[in-house]
$ cat entry02.csv   # CSV, C-alpha atoms and all ligand atoms
chain,number,residue,atom,x,y,z
A,1,MET,CA,-6.4,-7.5,-26.7
A,2,LEU,CA,-3.3,-9.7,-27.0
A,3,MET,CA,0.0,-8.6,-25.4
A,4,ARG,CA,2.8,-7.5,-27.7
A,5,ALA,CA,5.8,-9.9,-27.7
A,6,VAL,CA,8.1,-9.2,-24.9
A,7,GLU,CA,11.4,-10.7,-23.7
A,8,TYR,CA,11.3,-12.6,-20.4
A,9,ALA,CA,14.0,-13.2,-17.8
A,10,ARG,CA,13.8,-15.2,-14.6
A,11,PRO,CA,17.0,-14.3,-12.6
A,12,ASP,CA,18.2,-16.4,-9.7
A,13,SER,CA,19.1,-13.5,-7.4
A,14,VAL,CA,18.4,-9.9,-6.6
A,15,ALA,CA,21.8,-8.9,-8.0
A,16,ASP,CA,21.0,-10.6,-11.3
A,17,ALA,CA,17.5,-9.0,-11.4
A,18,ILE,CA,19.0,-5.6,-10.9
A,19,SER,CA,21.6,-6.3,-13.5
A,20,ALA,CA,18.8,-7.3,-16.0
A,21,LEU,CA,16.7,-4.3,-15.1
A,22,SER,CA,19.7,-1.9,-15.6
A,23,SER,CA,20.8,-3.6,-18.9
A,24,HIS,CA,17.6,-2.5,-20.7
A,25,PRO,CA,16.2,1.1,-20.8
A,26,ASN,CA,12.7,-0.3,-21.0
A,27,ALA,CA,12.7,-3.2,-18.6
A,28,ARG,CA,10.1,-3.8,-15.9
A,29,ALA,CA,10.0,-6.0,-12.8
A,30,LEU,CA,7.2,-8.6,-12.9
A,31,ALA,CA,6.0,-9.6,-9.4
A,32,GLY,CA,2.5,-11.1,-9.1
A,33,GLY,CA,1.5,-9.8,-12.5
A,34,GLN,CA,-2.0,-9.0,-11.2
A,35,SER,CA,-1.7,-5.4,-12.5
A,36,LEU,CA,1.2,-5.4,-14.9
A,37,ILE,CA,-0.2,-8.2,-17.1
A,38,ASN,CA,-3.5,-6.2,-17.5
A,39,VAL,CA,-1.5,-3.1,-18.4
A,40,LEU,CA,0.3,-5.1,-21.1
A,41,LYS,CA,-2.9,-6.6,-22.4
A,42,HIS,CA,-4.4,-3.2,-22.7
A,43,ARG,CA,-1.2,-2.0,-24.3
A,44,LEU,CA,-0.9,0.9,-21.8
A,45,ALA,CA,2.8,0.2,-21.6
A,46,ALA,CA,5.2,-1.6,-23.8
A,47,PRO,CA,8.2,-2.8,-21.9
A,48,GLU,CA,10.7,-4.8,-24.0
A,49,LEU,CA,11.9,-7.0,-21.1
A,50,LEU,CA,10.0,-8.5,-18.1
A,51,VAL,CA,12.2,-9.4,-15.2
A,52,ASP,CA,10.3,-12.0,-13.1
A,53,ILE,CA,11.1,-11.5,-9.4
A,54,SER,CA,8.2,-13.5,-8.1
A,55,ASP,CA,10.2,-16.5,-7.0
A,56,LEU,CA,13.3,-14.8,-5.5
A,57,SER,CA,13.6,-16.1,-2.0
A,58,GLU,CA,15.7,-13.0,-1.1
A,59,LEU,CA,12.4,-11.0,-1.6
A,60,ARG,CA,10.1,-13.5,0.1
A,61,PHE,CA,10.7,-13.2,3.8
A,62,ILE,CA,8.9,-11.8,6.8
A,63,ASP,CA,11.1,-11.0,9.8
A,64,VAL,CA,9.5,-9.8,13.1
A,65,ASP,CA,11.6,-8.7,16.0
A,66,ASP,CA,10.8,-9.0,19.7
A,67,ASP,CA,10.0,-5.3,19.9
A,68,GLY,CA,7.3,-5.7,17.2
A,69,SER,CA,9.3,-4.1,14.3
A,70,ALA,CA,9.0,-6.0,11.1
A,71,THR,CA,10.7,-6.3,7.7
A,72,ILE,CA,8.7,-7.7,4.8
A,73,GLY,CA,10.3,-8.7,1.5
A,74,ALA,CA,8.8,-7.0,-1.6
A,75,ALA,CA,7.7,-10.3,-3.2
A,76,VAL,CA,5.7,-11.5,-0.2
A,77,THR,CA,2.1,-12.2,-1.4
A,78,TYR,CA,-1.0,-11.0,0.4
A,79,ASP,CA,-1.8,-14.6,1.2
A,80,GLU,CA,1.6,-15.0,2.9
A,81,LEU,CA,1.0,-11.8,4.9
A,82,ASP,CA,-2.3,-13.2,6.0
A,83,ARG,CA,-0.8,-16.5,7.1
A,84,SER,CA,2.1,-15.1,9.1
A,85,GLY,CA,1.3,-15.5,12.8
A,86,ALA,CA,4.3,-13.4,13.9
A,87,LEU,CA,3.3,-10.5,11.7
A,88,ARG,CA,-0.3,-10.8,12.8
A,89,ARG,CA,0.7,-10.3,16.4
A,90,ALA,CA,2.9,-7.3,15.6
A,91,HIS,CA,0.8,-5.7,12.8
A,92,PRO,CA,-2.6,-7.2,12.8
A,93,LYS,CA,-4.2,-4.5,10.6
A,94,LEU,CA,-1.7,-5.2,7.8
A,95,CYS,CA,-2.6,-8.9,7.8
A,96,GLU,CA,-6.3,-8.1,8.0
A,97,VAL,CA,-6.0,-5.8,4.9
A,98,ALA,CA,-4.1,-8.5,3.1
A,99,ALA,CA,-6.7,-11.1,4.0
A,100,THR,CA,-9.5,-8.9,2.5
A,101,THR,CA,-7.8,-7.7,-0.6
A,102,VAL,CA,-9.8,-8.8,-3.7
A,103,ASP,CA,-10.2,-12.6,-3.9
A,104,GLN,CA,-8.1,-15.6,-3.0
A,105,GLN,CA,-6.8,-15.9,-6.6
A,106,VAL,CA,-5.3,-12.4,-6.5
A,107,ARG,CA,-4.1,-12.9,-2.9
A,108,CYS,CA,-2.0,-15.9,-3.9
A,109,ARG,CA,-0.2,-13.9,-6.6
A,110,GLY,CA,-0.3,-10.2,-5.7
A,111,THR,CA,2.6,-8.9,-3.7
A,112,ILE,CA,2.9,-6.1,-1.2
A,113,GLY,CA,5.9,-4.7,-3.2
A,114,GLY,CA,3.9,-4.8,-6.4
A,115,ASN,CA,1.0,-3.1,-4.8
A,116,ALA,CA,3.2,-0.3,-3.5
A,117,CYS,CA,5.1,0.1,-6.8
A,118,TYR,CA,2.0,0.0,-9.0
A,119,ASN,CA,0.6,2.8,-6.8
A,120,ASP,CA,-2.9,3.0,-8.1
A,121,PRO,CA,-4.5,5.8,-6.1
A,122,ALA,CA,-7.1,3.3,-5.0
A,123,SER,CA,-4.7,0.5,-4.0
A,124,ASN,CA,-5.1,-1.0,-0.5
A,125,PHE,CA,-1.6,-0.8,0.9
A,126,PRO,CA,-0.1,2.7,0.1
A,127,PRO,CA,-2.1,4.7,2.6
A,128,LEU,CA,-1.6,2.1,5.3
A,129,LEU,CA,2.1,2.0,4.8
A,130,VAL,CA,2.3,5.8,5.1
A,131,ALA,CA,0.1,5.6,8.3
A,132,LEU,CA,2.4,2.9,9.7
A,133,GLU,CA,5.5,5.1,9.0
A,134,ALA,CA,7.0,2.4,6.9
A,135,THR,CA,10.5,2.7,5.3
A,136,MET,CA,10.9,1.5,1.7
A,137,ARG,CA,14.3,-0.1,1.0
A,138,ILE,CA,15.2,0.3,-2.7
A,139,GLU,CA,18.2,-1.5,-4.3
A,140,SER,CA,20.1,-0.8,-7.5
A,141,ALA,CA,23.6,-1.3,-8.9
A,142,GLN,CA,24.6,1.7,-6.9
A,143,GLY,CA,23.6,0.2,-3.6
A,144,THR,CA,20.7,0.5,-1.2
A,145,ARG,CA,18.7,3.6,-0.3
A,146,SER,CA,15.8,4.0,2.2
A,147,VAL,CA,12.8,6.2,1.5
A,148,PRO,CA,10.1,6.9,4.0
A,149,ALA,CA,6.7,5.7,2.7
A,150,GLU,CA,5.4,9.3,2.9
A,151,GLU,CA,8.0,10.3,0.2
A,152,PHE,CA,7.8,7.1,-1.8
A,153,PHE,CA,4.3,7.5,-3.5
A,154,PHE,CA,4.7,10.3,-6.0
A,155,GLY,CA,1.4,10.2,-7.9
A,156,PRO,CA,-0.7,7.8,-9.9
A,157,PHE,CA,1.4,4.8,-11.0
A,158,ASP,CA,4.6,6.7,-10.1
A,159,THR,CA,6.9,6.1,-7.1
A,160,ALA,CA,10.4,6.7,-5.9
A,161,VAL,CA,11.6,3.5,-7.7
A,162,GLY,CA,13.5,4.5,-10.7
A,163,GLN,CA,14.8,2.8,-13.8
A,164,GLY,CA,17.2,-0.1,-12.9
A,165,GLU,CA,15.9,-0.1,-9.3
A,166,LEU,CA,14.0,-2.7,-7.3
A,167,LEU,CA,11.9,-2.3,-4.2
A,168,HIS,CA,13.6,-4.9,-1.9
A,169,SER,CA,11.7,-4.7,1.3
A,170,ILE,CA,9.4,-2.7,3.6
A,171,GLU,CA,10.4,-2.0,7.2
A,172,LEU,CA,7.7,-1.3,9.8
A,173,PRO,CA,8.5,0.3,13.2
A,174,PRO,CA,6.8,-1.3,16.3
A,175,LEU,CA,3.2,-0.4,16.7
A,176,GLY,CA,3.4,-0.5,20.5
A,177,ASP,CA,0.1,0.2,22.2
A,178,ARG,CA,-1.2,2.5,19.4
A,179,GLY,CA,-4.5,1.6,17.8
A,180,VAL,CA,-5.0,1.3,14.1
A,181,GLY,CA,-8.2,1.9,12.1
A,182,TYR,CA,-8.8,1.3,8.4
A,183,SER,CA,-12.0,2.0,6.6
A,184,SER,CA,-13.0,1.9,2.9
A,185,ILE,CA,-16.1,2.5,0.8
A,186,LEU,CA,-15.9,0.0,-2.0
A,187,ILE,CA,-17.5,0.1,-5.5
A,188,ALA,CA,-18.7,-3.4,-4.9
A,189,GLU,CA,-17.7,-6.4,-2.6
A,190,ASP,CA,-14.1,-7.5,-3.3
A,191,SER,CA,-13.6,-4.5,-5.5
A,192,TRP,CA,-11.7,-1.2,-5.7
A,193,ALA,CA,-12.5,1.6,-3.2
A,194,LEU,CA,-13.9,5.0,-3.7
A,195,ALA,CA,-12.6,6.5,-0.5
A,196,ARG,CA,-10.3,5.1,2.2
A,197,ALA,CA,-8.8,6.3,5.5
A,198,CYS,CA,-6.2,4.8,7.8
A,199,ALA,CA,-5.9,6.2,11.3
A,200,ILE,CA,-3.3,5.5,14.1
A,201,LEU,CA,-3.9,6.9,17.6
A,202,SER,CA,-1.8,6.8,20.7
A,203,ALA,CA,-3.8,7.8,23.7
A,204,ASN,CA,-3.8,7.7,27.4
A,205,GLY,CA,-7.3,9.1,28.1
A,206,THR,CA,-6.3,12.0,25.8
A,207,ILE,CA,-4.8,11.7,22.4
A,208,GLU,CA,-1.0,12.0,22.4
A,209,GLN,CA,-0.5,11.4,18.6
A,210,ALA,CA,-2.9,11.1,15.7
A,211,ARG,CA,-1.9,10.1,12.2
A,212,VAL,CA,-4.5,10.0,9.5
A,213,VAL,CA,-3.9,9.1,5.9
A,214,LEU,CA,-6.4,9.1,3.1
A,215,GLY,CA,-6.5,7.0,0.0
A,216,CYS,CA,-8.4,7.2,-3.4
A,217,VAL,CA,-9.2,11.0,-3.0
A,218,ALA,CA,-5.8,12.4,-4.1
A,219,PRO,CA,-3.1,11.4,-6.6
A,220,ALA,CA,-1.2,9.7,-3.8
A,221,PRO,CA,-1.8,8.9,-0.1
A,222,ARG,CA,-2.5,12.1,1.7
A,223,ARG,CA,-2.2,13.1,5.3
A,224,ALA,CA,-5.3,14.6,6.8
A,225,THR,CA,-3.3,17.1,8.8
A,226,GLY,CA,-6.4,19.2,9.7
A,227,VAL,CA,-7.8,16.2,11.5
A,228,GLU,CA,-4.5,15.3,13.2
A,229,GLU,CA,-4.2,18.9,14.6
A,230,ARG,CA,-7.7,18.9,15.9
A,231,LEU,CA,-7.2,15.6,17.7
A,232,GLN,CA,-3.9,16.5,19.4
A,233,GLY,CA,-4.6,16.6,23.2
A,234,ALA,CA,-8.3,15.8,22.6
A,235,GLU,CA,-10.3,13.3,24.7
A,236,ALA,CA,-10.0,9.8,23.1
A,237,THR,CA,-13.7,9.1,22.8
A,238,PRO,CA,-15.8,8.2,19.8
A,239,ASP,CA,-17.8,11.4,19.9
A,240,VAL,CA,-14.7,13.6,20.0
A,241,VAL,CA,-12.9,11.8,17.2
A,242,ARG,CA,-16.1,11.8,15.1
A,243,ALA,CA,-16.4,15.5,15.5
A,244,ALA,CA,-12.9,16.0,14.0
A,245,ALA,CA,-13.4,13.8,11.0
A,246,PRO,CA,-15.1,16.4,8.6
A,247,ALA,CA,-11.8,18.2,8.5
A,248,ALA,CA,-10.6,15.3,6.3
A,249,SER,CA,-12.5,16.7,3.4
A,250,GLU,CA,-10.9,20.1,3.6
A,251,GLY,CA,-8.8,21.0,0.5
A,252,LEU,CA,-9.6,17.8,-1.3
A,253,ASP,CA,-10.3,17.8,-5.0
A,254,PRO,CA,-10.8,14.2,-6.0
A,255,VAL,CA,-11.4,13.0,-9.6
A,256,SER,CA,-14.9,12.3,-10.9
A,257,ASP,CA,-15.3,9.1,-12.9
A,258,VAL,CA,-17.9,6.5,-14.0
A,259,HIS,CA,-18.0,5.2,-10.4
A,260,ALA,CA,-18.5,8.4,-8.4
A,261,SER,CA,-18.3,12.1,-8.6
A,262,GLY,CA,-15.4,14.0,-7.0
A,263,GLU,CA,-17.9,15.7,-4.6
A,264,TYR,CA,-19.1,12.3,-3.4
A,265,ARG,CA,-15.6,11.1,-2.8
A,266,ARG,CA,-14.8,14.3,-0.9
A,267,GLU,CA,-17.8,13.7,1.4
A,268,MET,CA,-16.9,10.1,1.9
A,269,ALA,CA,-13.4,11.0,2.9
A,270,ALA,CA,-14.9,12.4,6.1
A,271,VAL,CA,-17.1,9.3,6.6
A,272,VAL,CA,-14.2,6.8,6.3
A,273,THR,CA,-12.0,9.0,8.5
A,274,SER,CA,-14.7,9.0,11.2
A,275,ARG,CA,-15.0,5.2,11.1
A,276,ALA,CA,-11.2,4.6,11.0
A,277,LEU,CA,-10.7,7.0,14.0
A,278,VAL,CA,-13.3,5.3,16.1
A,279,GLU,CA,-11.7,1.9,15.3
A,280,ALA,CA,-8.2,3.3,16.2
A,281,ILE,CA,-9.1,4.4,19.7
A,282,PRO,CA,-6.7,2.3,21.8
A,283,ILE,CA,-8.5,0.0,24.3
A,284,PRO,CA,-7.2,0.8,27.9
A,285,ILE,CA,-5.3,-2.2,29.4
B,301,LIG,C1,-9.6,-8.4,-10.5
B,301,LIG,C2,-8.6,-7.5,-9.7
B,301,LIG,C3,-9.0,-6.7,-8.8
B,301,LIG,C4,-8.1,-5.9,-8.0
B,301,LIG,N1,-8.6,-5.1,-7.0
B,301,LIG,C5,-7.7,-4.5,-6.2
B,301,LIG,C6,-8.1,-3.7,-5.1
B,301,LIG,O1,-9.3,-3.5,-4.8
B,301,LIG,N2,-7.1,-3.1,-4.3
B,301,LIG,C7,-5.8,-3.3,-4.6
B,301,LIG,O2,-5.0,-2.7,-3.9
B,301,LIG,N3,-5.4,-4.0,-5.7
B,301,LIG,C8,-6.3,-4.6,-6.5
B,301,LIG,N4,-5.8,-5.3,-7.5
B,301,LIG,C9,-4.4,-5.2,-7.9
B,301,LIG,C10,-3.6,-6.3,-7.2
B,301,LIG,O3,-3.5,-5.9,-5.8
B,301,LIG,C11,-2.1,-6.3,-7.7
B,301,LIG,O4,-1.6,-7.5,-7.2
B,301,LIG,C12,-1.2,-5.2,-7.3
B,301,LIG,O5,-1.7,-3.9,-7.8
B,301,LIG,C13,0.2,-5.4,-8.0
B,301,LIG,O6,0.9,-6.4,-7.4
B,301,LIG,P1,1.6,-7.5,-8.2
B,301,LIG,O7,2.5,-8.2,-7.3
B,301,LIG,O8,0.6,-8.3,-8.9
B,301,LIG,O9,2.5,-6.6,-9.2
B,301,LIG,P2,2.7,-6.6,-10.8
B,301,LIG,O10,1.4,-6.5,-11.4
B,301,LIG,O11,3.6,-7.7,-11.1
B,301,LIG,O12,3.5,-5.2,-10.9
B,301,LIG,C14,2.9,-4.0,-10.8
B,301,LIG,C15,3.9,-2.9,-11.0
B,301,LIG,O13,4.9,-2.8,-10.0
B,301,LIG,C16,6.2,-3.0,-10.5
B,301,LIG,N5,6.9,-3.8,-9.4
B,301,LIG,C17,6.4,-4.9,-8.8
B,301,LIG,N6,7.2,-5.4,-7.9
B,301,LIG,C18,8.3,-4.5,-7.9
B,301,LIG,C19,9.5,-4.4,-7.1
B,301,LIG,N7,9.7,-5.2,-6.1
B,301,LIG,N8,10.3,-3.4,-7.4
B,301,LIG,C20,10.1,-2.5,-8.4
B,301,LIG,N9,8.9,-2.6,-9.1
B,301,LIG,C21,8.1,-3.5,-8.9
B,301,LIG,C22,6.0,-3.7,-11.8
B,301,LIG,O14,7.1,-3.5,-12.7
B,301,LIG,C23,4.7,-3.1,-12.3
B,301,LIG,O15,5.0,-1.8,-12.8
B,301,LIG,C24,-6.7,-6.0,-8.3
B,301,LIG,C25,-6.3,-6.9,-9.3
B,301,LIG,C26,-7.2,-7.7,-10.0
B,301,LIG,C27,-6.7,-8.6,-11.0

$ encode --input "entry02.csv" --output "structure tokens" --more "lines below"
Ligand SMILES: Cc1cc2nc3c(=O)[nH]c(=O)nc-3n(C[C@H](O)[C@H](O)[C@H](O)COP(=O)(O)OP(=O)(O)OC[C@H]3O[C@@H](n4cnc5c(N)ncnc54)[C@H](O)[C@@H]3O)c2cc1C
Amino acid sequence: MLMRAVEYARPDSVADAISALSSHPNARALAGGQSLINVLKHRLAAPELLVDISDLSELRFIDVDDDGSATIGAAVTYDELDRSGALRRAHPKLCEVAATTVDQQVRCRGTIGGNACYNDPASNFPPLLVALEATMRIESAQGTRSVPAEEFFFGPFDTAVGQGELLHSIELPPLGDRGVGYSSILIAEDSWALARACAILSANGTIEQARVVLGCVAPAPRRATGVEERLQGAEATPDVVRAAAPAASEGLDPVSDVHASGEYRREMAAVVTSRALVEAIPIPI
């Protein structure tokens, strides 16, 4: 299907982009276009103005501090994440996920901010950002506000970014000596996932803190609090964390579709949780 005609603006600054977005009740930011252009071609949305933010240098930066905290501009592509040595040292899992998202064509255009703002329940980054306790910095004509990632993802294709607002950047606290695990069951190689889990563990023989976030099995990233509670104070061994993983399926009611039944997705939530937890066990130094 062909896209409907749409106005296009390419502002030179974030301030101009926000001004363009607020000038029109039906304007949309265009980042990598890897989701939005498909949406327009399928006529699932009909914005009247596209505000192209893909080349704004103000949104294309990666800052990593000595303590390992990082700030990533919303228009940084997956490929740029993958290529940042400083970010790889501070947040290796984020770079690894970027490096394995879809294919090189999509990685050269798709942006971390676009991925977060699109918020497909099967998107790669939202559960990881919640697990990493990211803070999302949103800008508008009224100023800047910060929203914890856990409160940013409302539901399918819906986030805390409102009309006239722009996701500016994503802040990540230092990882320290915590371990990170990320596991997905994919429909096919280089494709969307059916179930996904991200786990972060801090441990010193026993687990001091566990944070487990599921993707694909709920309308938005979902904390597996039952697993987290079972792991608190438990021994940090593969057998022990595996035994806690089935609690990830508790209370889930995932959708059924052409790719998998809801029941299958529910069962796979425990499988990916188990794998992510084993990967997240910190290696003693
Ligand atoms: C063949 C194919 C397979 C794919 N498979 C996967 C996959 O397995 N996993 C996965 O995670 N993704 C997948 N994607 C989607 C891809 O990751 C997209 O790049 C991503 O979903 C959107 O990022 P984008 O930069 O292209 O955003 P765009 O498509 O430009 O925008 C997406 C939405 O976010 C809004 N937006 C973008 N940036 C901002 C901002 N800074 N502030 C406010 N709103 C903003 C736009 O207005 C739009 O509504 C796939 C895409 C393709 C083409």

$ residues_around --input "entry02.csv" --residues "A:Gly85" --least-positions-apart "6" --cutoff "12 Å" --atoms "only C-alpha atoms" --output "list in words"
Ile62, Asp63, Val64, His91, Pro92, Leu94, Cys95 and Glu96 of chain A

$ closest_residue --input "entry02.csv" --among "A:Asp120, A:Lys93, A:Gln142, A:Ser191" --to "A:His259" --atoms "only C-alpha atoms"
A:Ser191

$ residues_near_ligand --input "entry02.csv" --ligand "ligand LIG 301 (chain B)" --cutoff "6 Å" --atoms "only C-alpha atoms and all ligand atoms" --output "VMD selection string"
chain A and resid 28 to 36 74 101 to 102 110 to 111 113 to 115 117 to 118 123 to 124 166 to 168 191 to 192

$ atom_distance --input "entry02.csv" --atom1 "atom CA of A:Pro282" --atom2 "atom CA of A:Thr237"
9.8 Å

$ residues_around --input "entry02.csv" --residues "stretch 39-43 of chain A" --least-positions-apart "6" --cutoff "10 Å" --atoms "all atoms listed in the file" --output "ChimeraX atom specification"
/A:1-6,33

$ closest_residue --input "entry02.csv" --among "A:Ser183, A:Gln232, A:Asn38, A:Ser84" --to "A:Gly205" --atoms "all atoms listed in the file"
A:Gln232

$ atom_distance --input "entry02.csv" --atom1 "atom CA of A:Ala193" --atom2 "atom CA of A:Thr225"
21.7 Å

$ closest_residue --input "entry02.csv" --among "A:Glu80, A:Val278, A:Ala15, A:Leu252" --to "A:Glu58" --atoms "only C-alpha atoms"
A:Ala15

$ residues_around --input "entry02.csv" --residues "stretch 206-211 of chain A" --least-positions-apart "6" --cutoff "7 Å" --atoms "only C-alpha atoms" --output "JSON, numbers by chain"
{"A": [131, 199, 200, 228, 231, 232, 233, 234, 235, 236]}

$ residues_around --input "entry02.csv" --residues "A:Asp67" --least-positions-apart "5" --cutoff "10 Å" --atoms "only C-alpha atoms" --output "MDAnalysis selection string"
chainID A and resid 90 173:176

$ closest_residue --input "entry02.csv" --among "A:Glu250, A:Asp239, A:Asp66, A:Asp12" --to "A:Ser274" --atoms "all atoms listed in the file"
A:Asp239

$ residues_around --input "entry02.csv" --residues "A:Ser13" --least-positions-apart "6" --cutoff "9 Å" --atoms "all atoms listed in the file" --output "JSON list (two decimals) with C-alpha atoms, in the frame of the given file"
[["chain", "number", "residue", "atom", "x", "y", "z"],
["A", 53, "ILE", "CA", 11.10, -11.50, -9.40],
["A", 56, "LEU", "CA", 13.30, -14.80, -5.50],
["A", 57, "SER", "CA", 13.60, -16.10, -2.00],
["A", 58, "GLU", "CA", 15.70, -13.00, -1.10]]

$ residues_near_point --input "entry02.csv" --point "(-17.5, 10.1, -5.0)" --cutoff "12 Å" --atoms "all atoms listed in the file" --output "JSON list (two decimals) with C-alpha atoms, in the frame of the given file"
[["chain", "number", "residue", "atom", "x", "y", "z"],
["A", 185, "ILE", "CA", -16.10, 2.50, 0.80],
["A", 186, "LEU", "CA", -15.90, 0.00, -2.00],
["A", 187, "ILE", "CA", -17.50, 0.10, -5.50],
["A", 193, "ALA", "CA", -12.50, 1.60, -3.20],
["A", 194, "LEU", "CA", -13.90, 5.00, -3.70],
["A", 195, "ALA", "CA", -12.60, 6.50, -0.50],
["A", 196, "ARG", "CA", -10.30, 5.10, 2.20],
["A", 216, "CYS", "CA", -8.40, 7.20, -3.40],
["A", 217, "VAL", "CA", -9.20, 11.00, -3.00],
["A", 218, "ALA", "CA", -5.80, 12.40, -4.10],
["A", 249, "SER", "CA", -12.50, 16.70, 3.40],
["A", 252, "LEU", "CA", -9.60, 17.80, -1.30],
["A", 253, "ASP", "CA", -10.30, 17.80, -5.00],
["A", 254, "PRO", "CA", -10.80, 14.20, -6.00],
["A", 255, "VAL", "CA", -11.40, 13.00, -9.60],
["A", 256, "SER", "CA", -14.90, 12.30, -10.90],
["A", 257, "ASP", "CA", -15.30, 9.10, -12.90],
["A", 258, "VAL", "CA", -17.90, 6.50, -14.00],
["A", 259, "HIS", "CA", -18.00, 5.20, -10.40],
["A", 260, "ALA", "CA", -18.50, 8.40, -8.40],
["A", 261, "SER", "CA", -18.30, 12.10, -8.60],
["A", 262, "GLY", "CA", -15.40, 14.00, -7.00],
["A", 263, "GLU", "CA", -17.90, 15.70, -4.60],
["A", 264, "TYR", "CA", -19.10, 12.30, -3.40],
["A", 265, "ARG", "CA", -15.60, 11.10, -2.80],
["A", 266, "ARG", "CA", -14.80, 14.30, -0.90],
["A", 267, "GLU", "CA", -17.80, 13.70, 1.40],
["A", 268, "MET", "CA", -16.90, 10.10, 1.90],
["A", 269, "ALA", "CA", -13.40, 11.00, 2.90],
["A", 270, "ALA", "CA", -14.90, 12.40, 6.10],
["A", 271, "VAL", "CA", -17.10, 9.30, 6.60]]

$ atom_distance --input "entry02.csv" --atom1 "atom CA of A:Leu49" --atom2 "atom CA of A:Gly73"
22.7 Å

$ residues_near_point --input "entry02.csv" --point "(-4.3, 7.7, 9.8)" --cutoff "9 Å" --atoms "all atoms listed in the file" --output "PyMOL selection string"
chain A and resi 127-128+130-132+180-182+197-201+210-214+223-224+228+273+276-277+280

$ axis_aligned_box --input "entry02.csv" --around "stretch 9-18 of chain A" --padding-each-side "8 Å" --output "AutoDock Vina command-line options"
--center_x 17.8 --center_y -11.0 --center_z -12.2 --size_x 24.0 --size_y 26.8 --size_z 27.2

$ closest_residue --input "entry02.csv" --among "A:Thr77, A:Thr144, A:Asn204, A:Gln163" --to "A:Arg60" --atoms "all atoms listed in the file"
A:Thr77
